file work-v6.cif (mmCIF, C-alpha atoms and all ligand atoms)
data_run
loop_
_atom_site.group_PDB
_atom_site.id
_atom_site.type_symbol
_atom_site.label_atom_id
_atom_site.label_comp_id
_atom_site.auth_asym_id
_atom_site.auth_seq_id
_atom_site.Cartn_x
_atom_site.Cartn_y
_atom_site.Cartn_z
ATOM 1 C CA MET A 55 -26.603 39.069 -19.436
ATOM 2 C CA ILE A 56 -22.843 39.736 -19.401
ATOM 3 C CA THR A 57 -21.488 43.081 -18.201
ATOM 4 C CA PHE A 58 -17.988 44.469 -18.064
ATOM 5 C CA THR A 59 -17.653 47.462 -15.753
ATOM 6 C CA ASP A 60 -14.453 49.491 -15.965
ATOM 7 C CA VAL A 61 -12.388 46.384 -16.708
ATOM 8 C CA THR A 62 -8.665 46.804 -17.157
ATOM 9 C CA LYS A 63 -6.112 44.074 -17.762
ATOM 10 C CA THR A 64 -2.389 44.484 -17.422
ATOM 11 C CA TYR A 65 -0.404 41.281 -17.911
ATOM 12 C CA PRO A 66 2.500 40.542 -15.533
ATOM 13 C CA ASP A 67 4.999 41.681 -18.187
ATOM 14 C CA GLY A 68 3.400 45.136 -18.204
ATOM 15 C CA THR A 69 1.349 44.788 -21.417
ATOM 16 C CA THR A 70 -1.970 46.565 -21.009
ATOM 17 C CA ALA A 71 -4.416 44.451 -22.997
ATOM 18 C CA LEU A 72 -7.656 46.188 -21.957
ATOM 19 C CA LYS A 73 -8.357 49.709 -20.747
ATOM 20 C CA ASN A 74 -11.492 50.605 -18.817
ATOM 21 C CA ILE A 75 -13.875 48.414 -20.772
ATOM 22 C CA ASP A 76 -17.596 49.010 -20.208
ATOM 23 C CA LEU A 77 -19.790 46.645 -22.156
ATOM 24 C CA GLU A 78 -23.163 45.021 -21.791
ATOM 25 C CA VAL A 79 -24.054 41.949 -23.811
ATOM 26 C CA GLN A 80 -27.820 41.569 -23.894
ATOM 27 C CA LYS A 81 -29.684 38.340 -23.399
ATOM 28 C CA GLY A 82 -30.298 36.528 -26.674
ATOM 29 C CA GLU A 83 -28.142 38.785 -28.832
ATOM 30 C CA LEU A 84 -25.288 37.864 -31.099
ATOM 31 C CA LEU A 85 -22.554 40.389 -30.462
ATOM 32 C CA THR A 86 -19.542 40.368 -32.746
ATOM 33 C CA LEU A 87 -16.265 41.591 -31.312
ATOM 34 C CA ILE A 88 -14.002 42.922 -34.017
ATOM 35 C CA GLY A 89 -10.592 44.565 -34.125
ATOM 36 C CA PRO A 90 -7.034 43.989 -35.273
ATOM 37 C CA SER A 91 -4.864 41.280 -33.805
ATOM 38 C CA GLY A 92 -3.678 42.217 -30.322
ATOM 39 C CA CYS A 93 -6.561 44.588 -29.477
ATOM 40 C CA GLY A 94 -7.687 42.422 -26.540
ATOM 41 C CA LYS A 95 -10.525 40.286 -27.930
ATOM 42 C CA THR A 96 -9.283 36.936 -26.656
ATOM 43 C CA THR A 97 -8.406 38.456 -23.294
ATOM 44 C CA MET A 98 -12.024 39.558 -22.915
ATOM 45 C CA MET A 99 -13.380 36.144 -23.789
ATOM 46 C CA LYS A 100 -11.032 34.329 -21.433
ATOM 47 C CA MET A 101 -12.050 36.663 -18.638
ATOM 48 C CA VAL A 102 -15.707 35.731 -18.950
ATOM 49 C CA ASN A 103 -14.706 32.115 -18.402
ATOM 50 C CA ARG A 104 -12.357 33.092 -15.554
ATOM 51 C CA LEU A 105 -9.312 31.762 -17.363
ATOM 52 C CA ILE A 106 -7.778 35.226 -16.895
ATOM 53 C CA HIS A 107 -8.627 37.713 -14.139
ATOM 54 C CA PRO A 108 -9.101 41.450 -14.574
ATOM 55 C CA SER A 109 -6.489 43.714 -12.978
ATOM 56 C CA ALA A 110 -9.351 46.058 -12.095
ATOM 57 C CA GLY A 111 -13.081 46.250 -12.661
ATOM 58 C CA THR A 112 -15.940 43.797 -12.468
ATOM 59 C CA ILE A 113 -17.568 41.256 -14.747
ATOM 60 C CA THR A 114 -21.066 39.989 -14.044
ATOM 61 C CA ILE A 115 -23.266 37.282 -15.529
ATOM 62 C CA HIS A 116 -26.981 37.405 -14.706
ATOM 63 C CA ASN A 117 -26.185 40.401 -12.464
ATOM 64 C CA LYS A 118 -23.869 38.326 -10.293
ATOM 65 C CA ASP A 119 -20.131 38.941 -10.035
ATOM 66 C CA ILE A 120 -18.406 36.037 -11.780
ATOM 67 C CA ARG A 121 -16.098 35.676 -8.768
ATOM 68 C CA GLU A 122 -19.106 34.570 -6.742
ATOM 69 C CA TYR A 123 -19.891 31.584 -8.953
ATOM 70 C CA ASN A 124 -18.583 28.132 -8.326
ATOM 71 C CA ILE A 125 -16.043 27.684 -11.147
ATOM 72 C CA HIS A 126 -17.732 24.555 -12.552
ATOM 73 C CA GLU A 127 -21.151 26.156 -12.414
ATOM 74 C CA LEU A 128 -19.726 29.124 -14.307
ATOM 75 C CA ARG A 129 -17.892 27.136 -16.988
ATOM 76 C CA TRP A 130 -20.644 24.597 -17.576
ATOM 77 C CA ASN A 131 -22.951 27.442 -18.323
ATOM 78 C CA ILE A 132 -20.642 28.867 -20.972
ATOM 79 C CA GLY A 133 -19.910 27.104 -24.241
ATOM 80 C CA TYR A 134 -16.475 28.076 -25.535
ATOM 81 C CA VAL A 135 -15.480 27.490 -29.166
ATOM 82 C CA LEU A 136 -11.816 28.043 -29.843
ATOM 83 C CA GLN A 137 -9.936 29.167 -32.913
ATOM 84 C CA GLU A 138 -7.946 26.001 -33.164
ATOM 85 C CA ILE A 139 -9.978 22.871 -33.644
ATOM 86 C CA ALA A 140 -9.692 21.303 -30.226
ATOM 87 C CA LEU A 141 -11.365 17.905 -30.399
ATOM 88 C CA PHE A 142 -9.834 15.049 -28.468
ATOM 89 C CA PRO A 143 -8.233 12.917 -31.209
ATOM 90 C CA HIS A 144 -8.632 9.570 -29.422
ATOM 91 C CA MET A 145 -12.362 10.034 -28.782
ATOM 92 C CA THR A 146 -15.223 9.578 -31.241
ATOM 93 C CA ILE A 147 -17.342 12.537 -32.308
ATOM 94 C CA GLU A 148 -20.091 11.409 -29.962
ATOM 95 C CA GLU A 149 -17.678 11.074 -27.044
ATOM 96 C CA ASN A 150 -16.232 14.503 -27.742
ATOM 97 C CA ILE A 151 -19.666 16.102 -27.661
ATOM 98 C CA SER A 152 -20.682 14.187 -24.523
ATOM 99 C CA ILE A 153 -17.977 15.453 -22.165
ATOM 100 C CA VAL A 154 -19.836 18.252 -20.406
ATOM 101 C CA PRO A 155 -23.327 16.683 -20.514
ATOM 102 C CA GLU A 156 -21.849 13.584 -18.875
ATOM 103 C CA MET A 157 -20.274 15.662 -16.137
ATOM 104 C CA LYS A 158 -23.711 17.143 -15.637
ATOM 105 C CA LYS A 159 -25.046 13.586 -15.351
ATOM 106 C CA TRP A 160 -27.425 13.722 -18.280
ATOM 107 C CA LYS A 161 -29.312 10.523 -18.993
ATOM 108 C CA LYS A 162 -27.755 8.474 -21.804
ATOM 109 C CA LYS A 163 -31.026 8.368 -23.740
ATOM 110 C CA ASP A 164 -31.543 12.142 -23.622
ATOM 111 C CA LEU A 165 -27.956 12.735 -24.600
ATOM 112 C CA THR A 166 -28.073 10.402 -27.618
ATOM 113 C CA LYS A 167 -31.187 12.170 -28.874
ATOM 114 C CA ARG A 168 -29.721 15.600 -28.263
ATOM 115 C CA ILE A 169 -26.492 14.759 -30.102
ATOM 116 C CA GLY A 170 -28.479 13.523 -33.095
ATOM 117 C CA GLU A 171 -30.465 16.762 -33.224
ATOM 118 C CA LEU A 172 -27.391 18.928 -32.913
ATOM 119 C CA MET A 173 -25.543 17.039 -35.630
ATOM 120 C CA GLU A 174 -28.452 17.449 -38.009
ATOM 121 C CA MET A 175 -28.675 21.122 -37.187
ATOM 122 C CA VAL A 176 -25.155 21.688 -38.567
ATOM 123 C CA GLY A 177 -25.438 19.284 -41.490
ATOM 124 C CA LEU A 178 -23.687 16.248 -40.079
ATOM 125 C CA GLU A 179 -25.318 12.851 -40.466
ATOM 126 C CA PRO A 180 -25.784 11.297 -37.018
ATOM 127 C CA GLU A 181 -25.733 7.693 -38.223
ATOM 128 C CA LYS A 182 -22.703 8.227 -40.387
ATOM 129 C CA HIS A 183 -20.583 10.540 -38.246
ATOM 130 C CA ARG A 184 -21.420 9.735 -34.622
ATOM 131 C CA LYS A 185 -18.860 6.944 -34.193
ATOM 132 C CA ARG A 186 -16.142 8.430 -36.355
ATOM 133 C CA MET A 187 -12.851 9.744 -35.060
ATOM 134 C CA PRO A 188 -12.064 13.455 -35.586
ATOM 135 C CA SER A 189 -9.325 12.585 -38.110
ATOM 136 C CA GLU A 190 -11.985 10.985 -40.329
ATOM 137 C CA LEU A 191 -13.797 14.306 -40.735
ATOM 138 C CA SER A 192 -12.863 17.323 -42.850
ATOM 139 C CA GLY A 193 -11.662 20.532 -41.182
ATOM 140 C CA GLY A 194 -15.060 22.147 -41.661
ATOM 141 C CA GLN A 195 -16.864 19.159 -40.188
ATOM 142 C CA GLN A 196 -14.521 19.123 -37.188
ATOM 143 C CA GLN A 197 -15.175 22.817 -36.645
ATOM 144 C CA ARG A 198 -18.923 22.097 -36.678
ATOM 145 C CA VAL A 199 -18.384 19.445 -34.031
ATOM 146 C CA GLY A 200 -16.534 22.075 -31.984
ATOM 147 C CA VAL A 201 -19.552 24.345 -32.280
ATOM 148 C CA ILE A 202 -22.124 21.751 -31.266
ATOM 149 C CA ARG A 203 -19.919 20.475 -28.474
ATOM 150 C CA ALA A 204 -20.123 23.964 -27.000
ATOM 151 C CA LEU A 205 -23.914 23.830 -27.352
ATOM 152 C CA ALA A 206 -24.446 20.287 -26.130
ATOM 153 C CA ALA A 207 -25.004 20.943 -22.454
ATOM 154 C CA ASP A 208 -27.357 23.810 -23.270
ATOM 155 C CA PRO A 209 -25.346 26.721 -21.856
ATOM 156 C CA ASP A 210 -26.867 30.210 -21.615
ATOM 157 C CA ILE A 211 -23.804 31.817 -23.134
ATOM 158 C CA ILE A 212 -21.667 30.841 -26.084
ATOM 159 C CA LEU A 213 -18.268 32.387 -26.696
ATOM 160 C CA MET A 214 -16.742 31.869 -30.116
ATOM 161 C CA ASP A 215 -13.179 32.974 -30.724
ATOM 162 C CA GLU A 216 -12.521 33.109 -34.468
ATOM 163 C CA PRO A 217 -14.023 29.664 -34.874
ATOM 164 C CA PHE A 218 -13.831 29.710 -38.674
ATOM 165 C CA SER A 219 -10.382 31.154 -39.209
ATOM 166 C CA ALA A 220 -8.886 27.840 -40.301
ATOM 167 C CA LEU A 221 -11.567 27.188 -42.910
ATOM 168 C CA ASP A 222 -11.813 27.715 -46.644
ATOM 169 C CA PRO A 223 -14.191 30.517 -47.768
ATOM 170 C CA ILE A 224 -17.024 28.162 -48.753
ATOM 171 C CA SER A 225 -17.140 26.222 -45.481
ATOM 172 C CA ARG A 226 -16.819 29.518 -43.711
ATOM 173 C CA GLU A 227 -19.807 31.054 -45.443
ATOM 174 C CA GLN A 228 -21.888 27.954 -44.782
ATOM 175 C CA LEU A 229 -20.959 27.957 -41.106
ATOM 176 C CA GLN A 230 -21.814 31.656 -40.800
ATOM 177 C CA LYS A 231 -25.289 30.843 -42.065
ATOM 178 C CA ASP A 232 -25.535 27.941 -39.644
ATOM 179 C CA ILE A 233 -24.561 30.091 -36.676
ATOM 180 C CA ARG A 234 -27.045 32.776 -37.628
ATOM 181 C CA GLN A 235 -29.794 30.196 -37.915
ATOM 182 C CA LEU A 236 -28.790 28.457 -34.726
ATOM 183 C CA GLN A 237 -28.923 31.687 -32.819
ATOM 184 C CA GLN A 238 -32.397 32.444 -34.145
ATOM 185 C CA GLU A 239 -33.594 28.968 -33.245
ATOM 186 C CA ILE A 240 -32.135 28.664 -29.796
ATOM 187 C CA GLN A 241 -32.028 32.328 -28.733
ATOM 188 C CA LYS A 242 -28.695 32.048 -27.000
ATOM 189 C CA THR A 243 -26.448 34.893 -26.019
ATOM 190 C CA ILE A 244 -23.450 34.632 -28.312
ATOM 191 C CA VAL A 245 -20.228 36.626 -28.374
ATOM 192 C CA PHE A 246 -18.400 36.016 -31.618
ATOM 193 C CA VAL A 247 -14.819 37.196 -32.076
ATOM 194 C CA THR A 248 -13.465 37.894 -35.534
ATOM 195 C CA HIS A 249 -10.979 40.145 -37.293
ATOM 196 C CA ASP A 250 -13.028 40.004 -40.508
ATOM 197 C CA MET A 251 -15.270 43.052 -40.905
ATOM 198 C CA ASP A 252 -17.592 41.357 -43.413
ATOM 199 C CA GLU A 253 -18.106 38.481 -41.018
ATOM 200 C CA ALA A 254 -18.727 40.833 -38.083
ATOM 201 C CA MET A 255 -21.319 42.834 -40.031
ATOM 202 C CA ALA A 256 -23.022 39.778 -41.521
ATOM 203 C CA LEU A 257 -23.408 37.979 -38.220
ATOM 204 C CA GLY A 258 -23.836 40.539 -35.478
ATOM 205 C CA ASP A 259 -27.051 41.949 -34.045
ATOM 206 C CA ARG A 260 -24.550 44.469 -32.760
ATOM 207 C CA VAL A 261 -20.913 44.962 -33.596
ATOM 208 C CA CYS A 262 -18.356 45.980 -31.005
ATOM 209 C CA LEU A 263 -15.329 47.625 -32.593
ATOM 210 C CA MET A 264 -12.125 47.458 -30.579
ATOM 211 C CA LYS A 265 -8.762 49.083 -30.937
ATOM 212 C CA GLU A 266 -5.725 48.863 -28.669
ATOM 213 C CA GLY A 267 -7.625 47.577 -25.669
ATOM 214 C CA GLU A 268 -10.564 49.956 -25.946
ATOM 215 C CA VAL A 269 -14.100 49.791 -27.302
ATOM 216 C CA ILE A 270 -14.298 52.506 -29.935
ATOM 217 C CA GLN A 271 -17.803 51.827 -31.304
ATOM 218 C CA LEU A 272 -20.726 49.629 -30.417
ATOM 219 C CA ASP A 273 -23.788 49.637 -32.612
ATOM 220 C CA THR A 274 -25.985 47.701 -35.016
ATOM 221 C CA PRO A 275 -24.449 46.946 -38.428
ATOM 222 C CA GLN A 276 -26.938 49.362 -40.069
ATOM 223 C CA ASN A 277 -25.905 52.238 -37.839
ATOM 224 C CA LEU A 278 -22.224 51.493 -38.266
ATOM 225 C CA ILE A 279 -22.653 51.829 -42.020
ATOM 226 C CA LEU A 280 -24.633 55.062 -41.673
ATOM 227 C CA LYS A 281 -22.167 56.557 -39.214
ATOM 228 C CA PRO A 282 -18.720 55.599 -40.456
HETATM 229 P P1 LIG B 301 -6.616 39.654 -29.721
HETATM 230 O O1 LIG B 301 -7.417 38.483 -29.295
HETATM 231 O O2 LIG B 301 -7.443 40.845 -30.064
HETATM 232 O O3 LIG B 301 -5.629 39.328 -30.795
HETATM 233 P P2 LIG B 301 -5.305 39.366 -27.138
HETATM 234 O O4 LIG B 301 -6.358 39.516 -26.121
HETATM 235 O O5 LIG B 301 -4.827 38.008 -27.468
HETATM 236 O O6 LIG B 301 -5.750 40.132 -28.461
HETATM 237 O O7 LIG B 301 -4.050 40.223 -26.707
HETATM 238 C C1 LIG B 301 -4.134 41.581 -26.279
HETATM 239 C C2 LIG B 301 -2.739 42.083 -25.936
HETATM 240 O O8 LIG B 301 -2.274 41.404 -24.770
HETATM 241 C C3 LIG B 301 -1.679 41.850 -27.002
HETATM 242 O O9 LIG B 301 -0.791 42.946 -26.963
HETATM 243 C C4 LIG B 301 -1.008 40.586 -26.541
HETATM 244 O O10 LIG B 301 0.301 40.525 -27.013
HETATM 245 C C5 LIG B 301 -1.054 40.732 -25.048
HETATM 246 N N1 LIG B 301 -1.089 39.442 -24.324
HETATM 247 C C6 LIG B 301 -1.975 38.428 -24.478
HETATM 248 N N2 LIG B 301 -1.723 37.406 -23.633
HETATM 249 C C7 LIG B 301 -0.635 37.811 -22.905
HETATM 250 C C8 LIG B 301 0.120 37.203 -21.860
HETATM 251 N N3 LIG B 301 -0.194 36.003 -21.360
HETATM 252 N N4 LIG B 301 1.169 37.897 -21.376
HETATM 253 C C9 LIG B 301 1.486 39.117 -21.852
HETATM 254 N N5 LIG B 301 0.812 39.747 -22.829
HETATM 255 C C10 LIG B 301 -0.226 39.098 -23.359
HETATM 256 P P1 LIG B 302 -8.459 29.707 -10.219
HETATM 257 O O1 LIG B 302 -9.037 29.186 -11.494
HETATM 258 O O2 LIG B 302 -6.973 29.943 -10.334
HETATM 259 O O3 LIG B 302 -8.871 28.983 -8.981
HETATM 260 P P2 LIG B 302 -10.125 31.878 -9.269
HETATM 261 O O4 LIG B 302 -11.222 32.243 -10.176
HETATM 262 O O5 LIG B 302 -10.461 31.114 -8.053
HETATM 263 O O6 LIG B 302 -9.001 31.190 -10.131
HETATM 264 O O7 LIG B 302 -9.397 33.219 -8.825
HETATM 265 C C1 LIG B 302 -8.017 33.316 -8.502
HETATM 266 C C2 LIG B 302 -7.737 34.725 -7.976
HETATM 267 O O8 LIG B 302 -8.126 35.742 -8.901
HETATM 268 C C3 LIG B 302 -8.485 35.054 -6.688
HETATM 269 O O9 LIG B 302 -7.636 35.805 -5.833
HETATM 270 C C4 LIG B 302 -9.666 35.865 -7.139
HETATM 271 O O10 LIG B 302 -10.106 36.769 -6.143
HETATM 272 C C5 LIG B 302 -9.096 36.602 -8.334
HETATM 273 N N1 LIG B 302 -10.183 36.843 -9.287
HETATM 274 C C6 LIG B 302 -10.993 35.917 -9.831
HETATM 275 N N2 LIG B 302 -11.893 36.472 -10.638
HETATM 276 C C7 LIG B 302 -11.650 37.796 -10.619
HETATM 277 C C8 LIG B 302 -12.245 38.920 -11.242
HETATM 278 N N3 LIG B 302 -13.287 38.801 -12.045
HETATM 279 N N4 LIG B 302 -11.739 40.129 -10.973
HETATM 280 C C9 LIG B 302 -10.681 40.270 -10.151
HETATM 281 N N5 LIG B 302 -10.075 39.248 -9.544
HETATM 282 C C10 LIG B 302 -10.551 38.031 -9.759
#

call {"tool": "encode", "arguments": {"input": "work-v6.cif", "output": "structure tokens"}}
result
Amino acid sequence: MITFTDVTKTYPDGTTALKNIDLEVQKGELLTLIGPSGCGKTTMMKMVNRLIHPSAGTITIHNKDIREYNIHELRWNIGYVLQEIALFPHMTIEENISIVPEMKKWKKKDLTKRIGELMEMVGLEPEKHRKRMPSELSGGQQQRVGVIRALAADPDIILMDEPFSALDPISREQLQKDIRQLQQEIQKTIVFVTHDMDEAMALGDRVCLMKEGEVIQLDTPQNLILKP
């Protein structure tokens, strides 16, 4: 689904963030990307979305070089959930979730139904929360809106960059369960970045361990425990 072939990234200031990364994310899997701060996780995610370009190497999606996609086509097909809660403060929850589907010219009726279903899926009450402003929701609820906003337009790929880092442990645990369930229900390809080993092991079909810009291990959680 997503492949990195010999991808290297050196930033203009000379920092080498990634070294010869080879990685294949399979269709329908939840891959967790784990490693200490600065090991290159965010750089990898931003590259998939073409926010940052590799210095060398190739990235493909559906066997096609990402450079060959129209940028909108590429980004609409990727849901991106950021670490910081990034809802537009002057827009209601419903308006926030509707941005990409509206650009894709979804019918109003289909969109309203879809938003209701998504909100229920993550434990928000459509009737109660739809018209609220982000500031009227708790941090955990806002983070859930961030997650379903990424899902709204039905992308094939979802990238999540430490989406729960700002949350308290209880909300965090609940959201982990939600993500796991979501992924089983909708069978999306998800790359989930974290620096929390427990979270990586609990969530991932496979766990990709990174260190200083390199992939040092890539395996199922079971095998990672067996082969420390
Ligand atoms: P992680 O997400 O694992 O914390 P990043 O991908 O953010 O890691 O960063 C990888 C490395 O690249 C770090 O050493 C970081 O300081 C560096 N880096 C990230 N963005 C830039 C940039 N725009 N310019 C220079 N160096 C950067
Ligand atoms: P922008 O969002 O700035 O329009 P583009 O995706 O059009 O960015 O690419 C800007 C430049 O980066 C182009 O010269 C393009 O060839 C190069 N580039 C884009 N994607 C990649 C990639 N995956 N690997 C190497 N270079 C790339």

call {"tool": "closest_residue", "arguments": {"input": "work-v6.cif", "among": "A:Arg121, A:Lys81, A:Lys100, A:Lys161", "to": "ligand LIG 302 (chain B)", "atoms": "all atoms listed in the file"}}
result
A:Arg121

call {"tool": "resolve_selection", "arguments": {"input": "work-v6.cif", "expression": "the PyMOL selection byres (((chain A and resi 138) around 12) and not hetatm)", "output": "PyMOL selection string"}}
result
chain A and resi 134-137+139-141+193-194+196-197+200-201+214-221

call {"tool": "closest_atom_pairs", "arguments": {"input": "work-v6.cif", "of": "chain A", "to": "ligand LIG 301 (chain B)", "cutoff": "7 Å", "atoms": "only C-alpha atoms and all ligand atoms", "output": "JSON lines"}}
result
{"residue": "A:Tyr65", "atom": "CA", "partner": "B:LIG301", "partner_atom": "C9", "distance": 4.9}
{"residue": "A:Pro66", "atom": "CA", "partner": "B:LIG301", "partner_atom": "N4", "distance": 6.6}
{"residue": "A:Asp67", "atom": "CA", "partner": "B:LIG301", "partner_atom": "C9", "distance": 5.7}
{"residue": "A:Thr69", "atom": "CA", "partner": "B:LIG301", "partner_atom": "N5", "distance": 5.3}
{"residue": "A:Thr70", "atom": "CA", "partner": "B:LIG301", "partner_atom": "O8", "distance": 6.4}
{"residue": "A:Ala71", "atom": "CA", "partner": "B:LIG301", "partner_atom": "O8", "distance": 4.1}
{"residue": "A:Gly89", "atom": "CA", "partner": "B:LIG301", "partner_atom": "O2", "distance": 6.3}
{"residue": "A:Pro90", "atom": "CA", "partner": "B:LIG301", "partner_atom": "O2", "distance": 6.1}
{"residue": "A:Ser91", "atom": "CA", "partner": "B:LIG301", "partner_atom": "O3", "distance": 3.7}
{"residue": "A:Gly92", "atom": "CA", "partner": "B:LIG301", "partner_atom": "O6", "distance": 3.5}
{"residue": "A:Cys93", "atom": "CA", "partner": "B:LIG301", "partner_atom": "O2", "distance": 3.9}
{"residue": "A:Gly94", "atom": "CA", "partner": "B:LIG301", "partner_atom": "O4", "distance": 3.2}
{"residue": "A:Lys95", "atom": "CA", "partner": "B:LIG301", "partner_atom": "O2", "distance": 3.8}
{"residue": "A:Thr96", "atom": "CA", "partner": "B:LIG301", "partner_atom": "O1", "distance": 3.6}
{"residue": "A:Thr97", "atom": "CA", "partner": "B:LIG301", "partner_atom": "O4", "distance": 3.6}
{"residue": "A:Met98", "atom": "CA", "partner": "B:LIG301", "partner_atom": "O4", "distance": 6.5}
{"residue": "A:Gly267", "atom": "CA", "partner": "B:LIG301", "partner_atom": "C1", "distance": 7.0}

call {"tool": "atom_distance", "arguments": {"input": "work-v6.cif", "atom1": "atom CA of Leu236 of chain A", "atom2": "atom CA of Val176 of chain A"}}
result
8.6 Å

call {"tool": "residues_around", "arguments": {"input": "work-v6.cif", "residues": "Leu87 of chain A", "least_positions_apart": "3", "cutoff": "8 Å", "atoms": "only C-alpha atoms", "output": "PyMOL selection string"}}
result
chain A and resi 95+245-248+254+261-264

call {"tool": "closest_residue", "arguments": {"input": "work-v6.cif", "among": "A:Ile211, A:Leu105, A:Val269, A:Val79", "to": "ligand LIG 302 (chain B)", "atoms": "only C-alpha atoms and all ligand atoms"}}
result
A:Leu105

call {"tool": "residues_near_ligand", "arguments": {"input": "work-v6.cif", "ligand": "ligand LIG 302 (chain B)", "cutoff": "10 Å", "atoms": "all atoms listed in the file", "output": "PDB file with C-alpha atoms, in the coordinates of the input"}}
result
ATOM      1  CA  PHE A  58     -17.988  44.469 -18.064  1.00  0.00           C
ATOM      2  CA  VAL A  61     -12.388  46.384 -16.708  1.00  0.00           C
ATOM      3  CA  THR A  62      -8.665  46.804 -17.157  1.00  0.00           C
ATOM      4  CA  LYS A  63      -6.112  44.074 -17.762  1.00  0.00           C
ATOM      5  CA  MET A 101     -12.050  36.663 -18.638  1.00  0.00           C
ATOM      6  CA  VAL A 102     -15.707  35.731 -18.950  1.00  0.00           C
ATOM      7  CA  ASN A 103     -14.706  32.115 -18.402  1.00  0.00           C
ATOM      8  CA  ARG A 104     -12.357  33.092 -15.554  1.00  0.00           C
ATOM      9  CA  LEU A 105      -9.312  31.762 -17.363  1.00  0.00           C
ATOM     10  CA  ILE A 106      -7.778  35.226 -16.895  1.00  0.00           C
ATOM     11  CA  HIS A 107      -8.627  37.713 -14.139  1.00  0.00           C
ATOM     12  CA  PRO A 108      -9.101  41.450 -14.574  1.00  0.00           C
ATOM     13  CA  SER A 109      -6.489  43.714 -12.978  1.00  0.00           C
ATOM     14  CA  ALA A 110      -9.351  46.058 -12.095  1.00  0.00           C
ATOM     15  CA  GLY A 111     -13.081  46.250 -12.661  1.00  0.00           C
ATOM     16  CA  THR A 112     -15.940  43.797 -12.468  1.00  0.00           C
ATOM     17  CA  ILE A 113     -17.568  41.256 -14.747  1.00  0.00           C
ATOM     18  CA  THR A 114     -21.066  39.989 -14.044  1.00  0.00           C
ATOM     19  CA  ASP A 119     -20.131  38.941 -10.035  1.00  0.00           C
ATOM     20  CA  ILE A 120     -18.406  36.037 -11.780  1.00  0.00           C
ATOM     21  CA  ARG A 121     -16.098  35.676  -8.768  1.00  0.00           C
ATOM     22  CA  GLU A 122     -19.106  34.570  -6.742  1.00  0.00           C
ATOM     23  CA  TYR A 123     -19.891  31.584  -8.953  1.00  0.00           C
ATOM     24  CA  ASN A 124     -18.583  28.132  -8.326  1.00  0.00           C
ATOM     25  CA  ILE A 125     -16.043  27.684 -11.147  1.00  0.00           C
ATOM     26  CA  HIS A 126     -17.732  24.555 -12.552  1.00  0.00           C
ATOM     27  CA  LEU A 128     -19.726  29.124 -14.307  1.00  0.00           C
TER      28      LEU A 128
END

call {"tool": "residues_around", "arguments": {"input": "work-v6.cif", "residues": "Met173 of chain A", "least_positions_apart": "5", "cutoff": "9 Å", "atoms": "all atoms listed in the file", "output": "ChimeraX atom specification"}}
result
/A:168,178-180,183-184,198-199,202
